[in-house]
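K.L.:
Before I ask anything, here is the structure I am working with.
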There are 2 protein chains.
Amino acid sequence: MAILEKFLAQVVKDVDMRLDELIPASGVEPKLLHEAIRWSVFAGGKRIRPVVMCAVGNIFGVPSEQLIATASAVEMIHTYSLIHDDLPAMDDDDLRRGRPTCHIQFGEATAILAGDVLQTLAFKTIAEDDSLSADIRIALVALIADASGTPYGMVSGQQLDLEGEGAVLSIKQIAEIHRQKTGALINASALAGAMIGRARPDEVEAISQYATNLGLLFQITDDIIDVTQNTETLGKTAGKDLASAKSTYPAHLGLDRTIEMADTTRIAANAALDRLEKDTDLLRQIADYICQRTK
Amino acid sequence: MAILEKFLAQVVKDVDMRLDELIPASGVEPKLLHEAIRWSVFAGGKRIRPVVMCAVGNIFGVPSEQLIATASAVEMIHTYSLIHDDLPAMDDDDLRRGRPTCHIQFGEATAILAGDVLQTLAFKTIAEDDSLSADIRIALVALIADASGTPYGMVSGQQLDLEGEGAVLSIKQIAEIHRQKTGALINASALAGAMIGRARPDEVEAISQYATNLGLLFQITDDIIDVTQNTETLGKTAGKDLASAKSTYPAHLGLDRTIEMADTTRIAANAALDRLEKDTDLLRQIADYICQRTK
């Protein structure tokens with residue numbers, strides 16, 4: 001896993017450095033707003049979406065300089081969604097990555113605005129990324145807006161998730177919610193890498209299938225972790241899904257079958273890569289890595 | 001005023017029709033989310049930003065088809081900001097344009113998501129507007145993201161506004177808050193029209209000066225209306241600014257001097273247009289129209 005670890009560390013470093021440049025300094029007025037943004041953006045996230053995007057870009061020969069801005073933008077979108085998901089009116093979470101959530105630390109109004117403006121900064125970042133042609137930038141804005149919007153995107157997934165609380169959902173409904181809420185942006189991250197790398201349609205198709213399974217894998221392992229780990233290890237309130245009666249894979253299938261499903265999904269993700277005549281080792285290692293989070 | 005009235009009605013019609021196409025139908029899942037978006041977008045707004053954008057585009061000879069998508073996007077950004085501003089954690093408003101605000105009607109979580117995704121749809125709309133070149137679309141995304149973001153944009157203005165509540169602000173501070181919160185997006189609307197019309201730098205400068213004054217005029221007249229009209233006429237809770245101890249122009253200067261200031265600002269807006277060798281009659285009528293709202 002040495003190659004993967006080195007790659008992960010490099011992406012985190014590059015993306016964090018770029019995010020630091022892109023987000024107004026905490027000394028810039030309104031200071032509280034910029035502090036709140038930085039609190040949530042620099043909270044030790046694993047930058048999974050940038051990692052996926054950069055790994056896909058790499059196999060199509062894209063230099064890192066052409067990936068980091070968009071990868072940072074995707075991470076901004078993800079962070080905005082976390083800030084808003086944690087709000088009292090939504091999932092009402094006090095703890096995220098081992099520290100107080102944005103609204104606990106900075107108040108609800110500032111947290112709403114911090115999330116709002118992170119989305120704005122994300123699209124600004126892509127629009128102003130002069131390492132890419134205007135055509136590609138426009139396609140990226142559309143791709144990421146689709147994946148994070150509605151219908152069939154991140155926000156519609158979050159809405160379905162909220163509406164599903166307390167209800168008994170079918171496994172198909174659960175999968176659809178996850179596909180929109182988490183899967184769509186992970187998929188878009190992979191497709192962004194392929195798009196910048198000017199991948200052929202059949203290559204895009206293979207990457208999309210890999211990423212769809214990766215997104216599903218990510219959600220399944222998240223559900224497993226929520227059941228099996230305690231709040232301290234998790235850095236967010238454990239057993240939260242159960243407490244709020246959310247339909248999850250373990251609630252539906254039991255823990256053992258969910259763990260089996262994770263492995264099947266990991267295998268499906270990697271199988272999609274067989275169609276690419278490229279060195280896909282890194283992408284396979286990412287799928288393995290996500291699977292191992294639960295252990 | 002017959003020309004202006006006809007123009008206003010046409011822009012409202014065109015923009016509303018486009019918004020109806022761009023926003024998922026209320027029958028599309030998640031229905032509640034799309035109903036909430038439509039509730040707020042089709043609430044009888046005056047579409048001032050699209051009007052300004054289209055009027056500026058017109059004087060530079062831009063056909064309406066090249067203006068309506070971006071104008072609709074700007075209106076989505078504006079509407080998202082209204083939905084979030086009305087939330088309990090923000091201005092806590094129950095009434096907007098004579099009906100319950102989005103969170104009163106659909107619940108807080110759905111209102112947060114409706115606002116979030118309206119912003120997403122706005123940038124998607126610009127990115128996918130194939131009546132414009134990729135270069136122009138990218139410039140528009142950057143322009144509107146800047147104007148609606150931070151620092152010096154709509155969200156930073158909203159943050160400053162919240163922080164200023166209960167404090168005694170100087171007239172300079174009040175002006176800066178308004179310049180960011182309301183002025184920046186009105187200015188960007190005008191600049192978007194000029195940009196699509198490939199206006200020369202000196203023309204852009206004149207338009208910007210006009211629009212800056214127009215934005216200020218809009219805020220001053222809003223403050224006047226809040227003091228002088230009752231809740232029924234206003235369609236939102238009157239005297240709200242006073243009740244929440246917000247620093248406003250009338251609170252600072254008194255009503256008479258605020259009315260004087262509105263007129264001076266209107267004259268300054270129109271004076272900026274003298275430098276353009278174009279038929280600017282419509283733009284002048286818009287400034288007059290905004291001023292007359294208070295009467």
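Following the order of the structure tokens, first chain is A, next is B, and so on, with residues numbered from 1 inside each chain and ligands from 1 in the order they appear.
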Show me, as a PyMOL selection string, every residue of chain A with an atom at most 8 Å from chain B, counting only C-alpha atoms.
P.N.:
chain A and resi 24+28-30+33+84+89-90+108-110+112-113+116-117+119-121+123-124+127-128+134-135+137-139+141-142+145-146+148-151+155-156+159-160
K.L.:
Pull the helix (DSSP H, G or I) assignments for region 192-285 of chain A out of DSSP run on the backbone, and list those residues as number ranges by chain.
P.N.:
A: 192-196, 201-228, 231-234, 240-243, 249-253, 255-275, 281-285
K.L.:
Mind dumping the selected residues with C-alpha atoms as a tab-separated table (two decimals), in the first residue's frame?
P.N.:
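Result file follows (part29.tsv):
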chain	number	residue	atom	x	y	z
A	192	ALA	CA	-14.05	15.13	-14.11
A	193	GLY	CA	-10.67	13.39	-14.15
A	194	ALA	CA	-11.65	11.46	-17.27
A	195	MET	CA	-13.06	14.59	-18.93
A	196	ILE	CA	-9.90	16.62	-18.36
A	201	PRO	CA	-16.60	7.34	-24.44
A	202	ASP	CA	-15.94	3.65	-23.67
A	203	GLU	CA	-13.29	4.68	-21.14
A	204	VAL	CA	-15.68	7.18	-19.56
A	205	GLU	CA	-18.24	4.37	-19.31
A	206	ALA	CA	-15.77	2.07	-17.51
A	207	ILE	CA	-14.70	4.86	-15.13
A	208	SER	CA	-18.34	5.68	-14.43
A	209	GLN	CA	-19.09	2.06	-13.56
A	210	TYR	CA	-16.04	1.90	-11.29
A	211	ALA	CA	-17.01	5.16	-9.58
A	212	THR	CA	-20.66	4.21	-9.15
A	213	ASN	CA	-19.58	1.08	-7.31
A	214	LEU	CA	-17.00	3.06	-5.36
A	215	GLY	CA	-19.67	5.49	-4.20
A	216	LEU	CA	-21.91	2.63	-3.13
A	217	LEU	CA	-18.96	1.00	-1.35
A	218	PHE	CA	-18.26	4.26	0.44
A	219	GLN	CA	-21.82	4.46	1.73
A	220	ILE	CA	-21.98	0.81	2.79
A	221	THR	CA	-18.71	1.08	4.71
A	222	ASP	CA	-19.95	4.34	6.30
A	223	ASP	CA	-23.04	2.50	7.51
A	224	ILE	CA	-20.90	-0.36	8.87
A	225	ILE	CA	-18.60	2.05	10.69
A	226	ASP	CA	-21.59	3.82	12.23
A	227	VAL	CA	-22.75	0.52	13.76
A	228	THR	CA	-19.38	-0.95	14.77
A	231	THR	CA	-18.06	8.02	18.98
A	232	GLU	CA	-14.43	8.54	20.00
A	233	THR	CA	-12.96	6.48	17.13
A	234	LEU	CA	-15.51	7.88	14.71
A	240	LYS	CA	-26.69	8.28	14.90
A	241	ASP	CA	-28.38	6.51	12.00
A	242	LEU	CA	-30.07	4.04	14.33
A	243	ALA	CA	-31.08	6.78	16.76
A	249	TYR	CA	-27.83	-1.31	4.94
A	250	PRO	CA	-27.05	-2.93	8.33
A	251	ALA	CA	-30.57	-2.10	9.56
A	252	HIS	CA	-31.94	-3.83	6.48
A	253	LEU	CA	-29.58	-6.71	5.80
A	255	LEU	CA	-24.21	-6.58	9.71
A	256	ASP	CA	-22.82	-9.79	8.21
A	257	ARG	CA	-24.65	-9.50	4.92
A	258	THR	CA	-23.73	-5.81	4.72
A	259	ILE	CA	-20.04	-6.69	5.09
A	260	GLU	CA	-20.48	-9.29	2.32
A	261	MET	CA	-22.16	-6.66	0.16
A	262	ALA	CA	-19.23	-4.30	0.68
A	263	ASP	CA	-16.86	-6.95	-0.63
A	264	THR	CA	-19.05	-7.73	-3.65
A	265	THR	CA	-19.23	-4.04	-4.45
A	266	ARG	CA	-15.46	-3.64	-4.16
A	267	ILE	CA	-15.01	-6.52	-6.61
A	268	ALA	CA	-17.53	-4.97	-9.03
A	269	ALA	CA	-15.72	-1.62	-8.87
A	270	ASN	CA	-12.42	-3.22	-9.72
A	271	ALA	CA	-13.93	-5.44	-12.43
A	272	ALA	CA	-15.09	-2.33	-14.32
A	273	LEU	CA	-11.44	-1.31	-14.62
A	274	ASP	CA	-10.56	-4.51	-16.51
A	275	ARG	CA	-11.91	-2.87	-19.65
A	281	ASP	CA	-3.53	-0.25	-9.92
A	282	LEU	CA	-4.03	2.96	-7.95
A	283	LEU	CA	-7.80	2.96	-8.54
A	284	ARG	CA	-8.00	-0.67	-7.35
A	285	GLN	CA	-6.04	0.21	-4.25
K.L.:
Can you tell me how far CA of Met76 (chain B) sits from CA of Ser40 (chain B), in Å to one decimal?
P.N.:
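The value is 9.6 Å.
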K.L.:
Taking 4 positions as the minimum chain separation for residues in the same chain, which residues sit within 8 Å of Pro50 (chain A) when counting only C-alpha atoms? Answer as a ChimeraX atom specification.
P.N.:
/A:11,15,54,68,71-72,74-75,189
K.L.:
Can you list, as a list in words, every residue of region 44-204 of chain B that DSSP puts in strand (DSSP E or B)?
P.N.:
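Everything in region 44-204 of chain B that counts as strand (DSSP E or B) is Leu95, Arg96, Arg99 and Pro100 of chain B.
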K.L.:
If you keep N, CA, C and O atoms, can you produce a file of those selected residues as a JSON list (two decimals), in the first residue's frame?
P.N.:
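File written: result-v6.json
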[["chain", "number", "residue", "atom", "x", "y", "z"],
["B", 95, "LEU", "N", -43.18, 36.05, 6.45],
["B", 95, "LEU", "CA", -43.98, 36.54, 5.33],
["B", 95, "LEU", "C", -43.07, 37.15, 4.28],
["B", 95, "LEU", "O", -42.14, 37.91, 4.60],
["B", 96, "ARG", "N", -43.33, 36.83, 3.02],
["B", 96, "ARG", "CA", -42.53, 37.37, 1.92],
["B", 96, "ARG", "C", -43.44, 37.48, 0.72],
["B", 96, "ARG", "O", -44.11, 36.52, 0.34],
["B", 99, "ARG", "N", -47.02, 36.12, 1.14],
["B", 99, "ARG", "CA", -47.35, 34.75, 1.52],
["B", 99, "ARG", "C", -46.29, 34.17, 2.45],
["B", 99, "ARG", "O", -45.21, 34.75, 2.60],
["B", 100, "PRO", "N", -46.61, 33.02, 3.05],
["B", 100, "PRO", "CA", -45.66, 32.42, 3.99],
["B", 100, "PRO", "C", -44.30, 32.21, 3.32],
["B", 100, "PRO", "O", -44.24, 31.88, 2.13]]
